[in-house]
$ cat my_file.txt   # compact mmCIF, C-alpha atoms and all ligand atoms
# COMPACT_ATOMS: atom_id res chain seq x y z
CA MET N 5 121.34 34.96 86.55
CA PRO N 6 121.02 31.16 86.09
CA LYS N 7 121.98 28.77 88.86
CA LEU N 8 125.49 27.54 88.04
CA LYS N 9 127.57 24.57 89.13
CA LEU N 10 131.06 24.13 87.70
CA THR N 11 132.51 20.64 88.07
CA TYR N 12 136.23 20.04 87.69
CA PHE N 13 139.15 18.34 89.39
CA ASP N 14 140.39 19.71 92.70
CA PHE N 15 143.45 21.68 91.67
CA HIS N 16 144.19 25.21 90.50
CA GLY N 17 144.86 24.71 86.81
CA GLY N 18 143.85 22.70 83.80
CA ARG N 19 140.89 23.02 81.49
CA GLY N 20 138.40 23.97 84.21
CA GLU N 21 140.32 26.78 85.85
CA PRO N 22 139.72 29.59 83.29
CA ALA N 23 135.95 29.25 83.81
CA ARG N 24 136.28 29.21 87.60
CA LEU N 25 138.43 32.29 87.38
CA ALA N 26 136.12 34.09 84.93
CA LEU N 27 133.09 33.45 87.14
CA ALA N 28 134.94 34.66 90.24
CA MET N 29 136.19 37.76 88.40
CA GLY N 30 132.67 38.54 87.19
CA GLY N 31 131.33 38.25 90.73
CA ILE N 32 128.96 35.52 89.51
CA PRO N 33 127.88 33.06 92.19
CA PHE N 34 128.46 29.39 91.34
CA GLU N 35 128.80 26.09 93.10
CA ASP N 36 132.45 25.06 92.87
CA ASP N 37 132.13 21.28 92.60
CA ARG N 38 135.61 19.75 92.94
CA VAL N 39 135.99 16.11 92.05
CA THR N 40 138.71 14.07 93.75
CA PHE N 41 140.68 11.64 91.61
CA ALA N 42 139.41 8.86 93.90
CA ASP N 43 135.79 9.77 93.10
CA TRP N 44 136.31 10.26 89.37
CA PRO N 45 135.66 6.64 88.19
CA ARG N 46 132.21 6.85 89.82
CA ARG N 47 131.44 10.27 88.33
CA LYS N 48 132.89 9.72 84.84
CA PRO N 49 129.97 7.69 83.39
CA GLU N 50 127.55 10.48 84.41
CA THR N 51 129.30 12.97 82.07
CA PRO N 52 128.38 13.48 78.38
CA PHE N 53 131.90 12.83 77.02
CA GLY N 54 133.55 11.03 79.94
CA ALA N 55 135.55 14.12 80.85
CA LEU N 56 135.60 17.36 82.84
CA PRO N 57 134.97 20.30 83.07
CA LEU N 58 131.17 20.45 83.10
CA LEU N 59 128.92 23.41 83.73
CA GLU N 60 125.41 22.88 85.04
CA VAL N 61 123.11 25.76 84.13
CA ASP N 62 119.72 25.64 85.84
CA GLY N 63 120.01 21.84 85.90
CA LYS N 64 121.12 21.48 82.25
CA ILE N 65 124.62 20.20 81.49
CA LEU N 66 127.19 21.83 79.23
CA ALA N 67 130.45 20.00 78.45
CA GLN N 68 133.66 20.98 76.58
CA SER N 69 135.94 23.53 78.18
CA ASN N 70 135.91 26.13 75.42
CA ALA N 71 132.11 26.04 75.10
CA ILE N 72 132.00 26.61 78.87
CA ASN N 73 134.59 29.40 78.62
CA ARG N 74 132.56 31.17 75.93
CA TYR N 75 129.35 30.87 77.95
CA VAL N 76 130.81 32.08 81.25
CA GLY N 77 132.85 34.69 79.36
CA LYS N 78 129.57 36.16 78.09
CA LEU N 79 128.07 36.15 81.60
CA ALA N 80 131.20 37.73 83.11
CA ASN N 81 131.79 40.29 80.33
CA LEU N 82 135.02 38.51 79.44
CA TYR N 83 134.10 37.53 75.87
CA PRO N 84 134.12 39.98 72.93
CA THR N 85 130.76 41.14 71.60
CA ASP N 86 132.21 41.97 68.18
CA PRO N 87 131.98 38.81 65.98
CA TRP N 88 135.50 39.15 64.57
CA GLN N 89 137.09 39.72 67.98
CA ALA N 90 135.04 36.80 69.33
CA ALA N 91 136.46 34.62 66.54
CA LEU N 92 139.99 35.69 67.48
CA CYS N 93 139.25 34.86 71.11
CA ASP N 94 138.08 31.40 69.97
CA GLU N 95 141.17 30.95 67.78
CA THR N 96 143.43 31.47 70.79
CA MET N 97 141.48 29.08 73.01
CA GLU N 98 141.51 26.37 70.31
CA ALA N 99 145.26 26.82 69.78
CA VAL N 100 145.81 26.32 73.51
CA GLU N 101 143.64 23.17 73.30
CA ASP N 102 145.89 21.85 70.50
CA ILE N 103 148.96 21.93 72.72
CA ILE N 104 147.09 20.84 75.87
CA ASN N 105 145.89 17.75 73.97
CA LYS N 106 149.49 16.86 73.05
CA ILE N 107 150.66 17.31 76.64
CA ALA N 108 147.65 15.42 78.05
CA ALA N 109 148.48 12.41 75.82
CA THR N 110 151.73 11.95 77.81
CA MET N 111 150.16 12.32 81.26
CA PHE N 112 149.74 8.67 82.22
CA LEU N 113 152.62 7.05 80.31
CA PRO N 114 155.22 4.90 82.08
CA ASP N 115 158.05 7.19 83.19
CA GLU N 116 160.68 6.26 80.55
CA GLN N 117 158.19 6.68 77.72
CA LYS N 118 156.86 9.89 79.28
CA LYS N 119 160.41 11.23 79.45
CA SER N 120 161.11 10.55 75.78
CA GLU N 121 157.73 11.80 74.54
CA ARG N 122 157.96 14.95 76.67
CA LYS N 123 161.43 15.59 75.22
CA VAL N 124 159.89 15.44 71.75
CA LEU N 125 157.21 17.93 72.88
CA ALA N 126 159.76 20.24 74.51
CA ASP N 127 161.90 20.21 71.35
CA GLY N 128 159.09 20.83 68.88
CA PRO N 129 155.38 21.36 69.54
CA ILE N 130 155.66 23.36 72.77
CA PRO N 131 158.16 25.90 71.31
CA PHE N 132 156.06 26.00 68.14
CA TYR N 133 152.85 26.90 70.01
CA LEU N 134 154.59 29.34 72.35
CA THR N 135 156.11 31.29 69.49
CA ALA N 136 152.94 31.09 67.39
CA LEU N 137 150.82 32.39 70.29
CA GLU N 138 153.32 35.16 70.93
CA ARG N 139 153.20 36.17 67.26
CA ARG N 140 149.39 36.28 67.30
CA LEU N 141 149.45 38.32 70.52
CA GLU N 142 151.77 40.85 68.89
CA GLN N 143 149.60 40.96 65.75
CA HIS N 144 146.64 41.84 68.00
CA GLY N 145 148.40 44.74 69.69
CA GLY N 146 150.61 42.88 72.20
CA ARG N 147 148.49 43.27 75.33
CA TYR N 148 145.47 41.00 74.96
CA PHE N 149 144.55 38.24 72.53
CA ALA N 150 141.25 39.75 71.37
CA GLY N 151 139.36 43.01 71.41
CA ASP N 152 142.21 44.92 73.09
CA ARG N 153 140.83 43.94 76.47
CA LEU N 154 140.87 41.02 78.88
CA SER N 155 138.94 37.95 77.75
CA VAL N 156 138.70 34.25 78.54
CA ALA N 157 141.39 33.69 75.86
CA ASP N 158 143.88 35.57 78.06
CA LEU N 159 142.86 33.46 81.05
CA LYS N 160 143.36 30.23 79.09
CA VAL N 161 146.84 31.26 77.87
CA PHE N 162 147.66 32.39 81.41
CA MET N 163 146.81 28.88 82.68
CA LEU N 164 149.02 27.28 80.03
CA LEU N 165 152.00 29.49 80.90
CA ARG N 166 151.47 28.85 84.58
CA GLN N 167 151.47 25.09 83.99
CA LEU N 168 154.60 25.22 81.82
CA ARG N 169 156.56 27.45 84.22
CA SER N 170 155.47 25.75 87.46
CA GLY N 171 157.37 22.48 87.12
CA VAL N 172 154.27 20.27 87.33
CA LEU N 173 155.15 18.78 83.94
CA ASP N 174 158.05 16.39 84.54
CA HIS N 175 160.73 16.46 81.83
CA VAL N 176 159.58 19.77 80.34
CA PRO N 177 162.10 22.55 81.12
CA THR N 178 160.32 25.26 83.10
CA ASP N 179 162.30 28.04 81.39
CA LEU N 180 160.94 27.30 77.89
CA PRO N 181 158.48 30.25 77.87
CA ASP N 182 161.10 32.67 79.26
CA ARG N 183 163.71 31.55 76.73
CA LEU N 184 161.45 31.41 73.69
CA ALA N 185 158.52 33.78 74.19
CA SER N 186 159.36 36.70 76.48
CA LYS N 187 156.37 38.72 75.25
CA LEU N 188 154.09 35.86 76.22
CA VAL N 189 155.70 35.82 79.66
CA GLU N 190 155.03 39.58 79.93
CA HIS N 191 151.41 38.79 79.05
CA TYR N 192 151.40 36.12 81.81
CA GLN N 193 152.70 38.69 84.31
CA ARG N 194 150.11 41.23 83.15
CA ILE N 195 147.22 38.79 83.60
CA LYS N 196 148.58 37.66 86.97
CA ALA N 197 148.56 41.30 88.11
CA GLU N 198 144.93 41.90 86.98
CA PRO N 199 143.11 42.83 90.21
CA GLY N 200 140.44 40.14 89.71
CA VAL N 201 143.03 37.42 89.10
CA ALA N 202 145.21 38.48 92.04
CA ALA N 203 142.16 38.71 94.31
CA TYR N 204 140.94 35.24 93.32
CA TYR N 205 144.25 33.54 94.08
CA ALA N 206 144.77 35.53 97.27
CA LYS N 207 141.32 34.36 98.44
CA CYS N 208 142.21 30.76 97.56
CA GLY N 209 145.55 31.07 99.37
CA VAL N 210 147.48 30.26 96.18
CA THR N 211 150.85 31.88 95.48
CA LEU N 212 151.36 32.40 91.75
N1 LIG K 1 137.77 18.41 74.83
C1 LIG K 1 137.51 18.31 76.24
C2 LIG K 1 138.62 17.52 76.90
C3 LIG K 1 138.28 17.25 78.35
C4 LIG K 1 139.33 16.41 79.07
O1 LIG K 1 140.05 15.59 78.47
N2 LIG K 1 139.39 16.63 80.37
C5 LIG K 1 140.32 15.93 81.22
C6 LIG K 1 140.78 16.83 82.35
S1 LIG K 1 141.52 18.33 81.79
C7 LIG K 1 139.62 14.73 81.85
O2 LIG K 1 138.46 14.80 82.18
N3 LIG K 1 140.37 13.64 82.07
C8 LIG K 1 139.91 12.49 82.78
C9 LIG K 1 139.48 11.37 81.86
O3 LIG K 1 139.55 11.53 80.62
O4 LIG K 1 139.08 10.33 82.39
C10 LIG K 1 137.37 19.71 76.85
O5 LIG K 1 137.94 20.66 76.29
O6 LIG K 1 136.66 19.86 77.87
$ encode --input "my_file.txt" --output "structure tokens"
Amino acid sequence: MPKLKLTYFDFHGGRGEPARLALAMGGIPFEDDRVTFADWPRRKPETPFGALPLLEVDGKILAQSNAINRYVGKLANLYPTDPWQAALCDETMEAVEDIINKIAATMFLPDEQKKSERKVLADGPIPFYLTALERRLEQHGGRYFAGDRLSVADLKVFMLLRQLRSGVLDHVPTDLPDRLASKLVEHYQRIKAEPGVAAYYAKCGVTL
């Protein structure tokens, strides 16, 4: 097994968390390098694209969250081996990136502008992606997004639902998933109850 270091911000969520979770679930040792927001300006220029997460593999750097998710998914047996199922897994992760990018664009706006832009998101793009993801889930059998078994795609959607339902996004109603995509919420509950997921958060002292 290569020597791994995963670098991301110091919170349980966001683009770096699916890879942390996948590595922990696979029992794969890695250095969990957590960057504080205070330290980020110093670290940012050292990264290939000025952003996190990063995965260091035997001293070589890999950037871009979904590339990292695919790589660690393969190591942790959480990425489909069948090419078509792998493509479906990728489709889901890229769809989640689409909506994360829209949300991220509002993150550092002045509060009044954030409020109005988040209202636009909560009225349109977020419901659109929730219902579209739910439809794709149902088309793939209703339990998992690809290969009829747990993959990094499920972990990435799980993170998105957790973020939307937790209240960390000011001005986005936390009941949107429950009102609009109950099957996706059932998927969230299913992933949360996966023994590896529950064990990881119990070990971290995080209540989901
Ligand atoms: N396409 C990139 C986006 C990475 C990204 O924007 N990461 C955010 C955190 S989730 C970041 O590093 N923000 C700090 C900054 O841009 O200075 C990926 O998927 O990894």
$ residues_around --input "my_file.txt" --residues "Asn81 in chain N" --least-positions-apart "5" --cutoff "9 Å" --atoms "only C-alpha atoms" --output "ChimeraX atom specification"
/N:26,30,76,155
$ residues_around --input "my_file.txt" --residues "Asp158 in chain N" --least-positions-apart "4" --cutoff "9 Å" --atoms "only C-alpha atoms" --output "ChimeraX atom specification"
/N:22,93,96-97,148-150,154,162-163,191-192,195
$ atom_distance --input "my_file.txt" --atom1 "CA of Leu92 in chain N" --atom2 "CA of Arg139 in chain N"
13.2 Å
$ atom_distance --input "my_file.txt" --atom1 "CA of Pro87 in chain N" --atom2 "CA of Gln68 in chain N"
20.8 Å
$ residues_near_point --input "my_file.txt" --point "(136.6, 17.7, 82.8)" --cutoff "12 Å" --atoms "all atoms listed in the file" --output "PyMOL selection string"
chain N and resi 10-15+17-21+23+37-41+44+47-48+50-59+66-70+72
$ residues_around --input "my_file.txt" --residues "Leu184 in chain N" --least-positions-apart "5" --cutoff "12 Å" --atoms "all atoms listed in the file" --output "VMD selection string"
chain N and resid 126 to 128 130 to 139 177 to 179 189
$ atom_distance --input "my_file.txt" --atom1 "atom S1 of ligand LIG 1 (chain K)" --atom2 "CA of Asp102 in chain N"
12.6 Å
$ closest_residue --input "my_file.txt" --among "N:Ala28, N:Ile104, N:Gly63, N:Thr85" --to "ligand LIG 1 (chain K)" --atoms "all atoms listed in the file"
N:Ile104
$ closest_residue --input "my_file.txt" --among "N:Lys7, N:Leu164, N:Ala71, N:His16" --to "ligand LIG 1 (chain K)" --atoms "all atoms listed in the file"
N:Ala71
$ closest_residue --input "my_file.txt" --among "N:Val124, N:Leu212, N:Ala109, N:Leu188" --to "ligand LIG 1 (chain K)" --atoms "all atoms listed in the file"
N:Ala109
$ closest_residue --input "my_file.txt" --among "N:Ala42, N:Val100, N:Val161, N:Leu173" --to "Glu190 in chain N" --atoms "all atoms listed in the file"
N:Val161
$ residues_near_point --input "my_file.txt" --point "(119.9, 35.6, 88.9)" --cutoff "10 Å" --atoms "all atoms listed in the file" --output "VMD selection string"
chain N and resid 5 to 8 32 to 33
$ closest_residue --input "my_file.txt" --among "N:Leu27, N:Leu159, N:Ala206, N:Ile107" --to "ligand LIG 1 (chain K)" --atoms "all atoms listed in the file"
N:Ile107
$ closest_residue --input "my_file.txt" --among "N:Gln89, N:Asn105, N:Gln117, N:Gln167" --to "ligand LIG 1 (chain K)" --atoms "all atoms listed in the file"
N:Asn105
$ residues_around --input "my_file.txt" --residues "Arg122 in chain N" --least-positions-apart "6" --cutoff "12 Å" --atoms "all atoms listed in the file" --output "PyMOL selection string"
chain N and resi 106-116+128-130+168+173-177
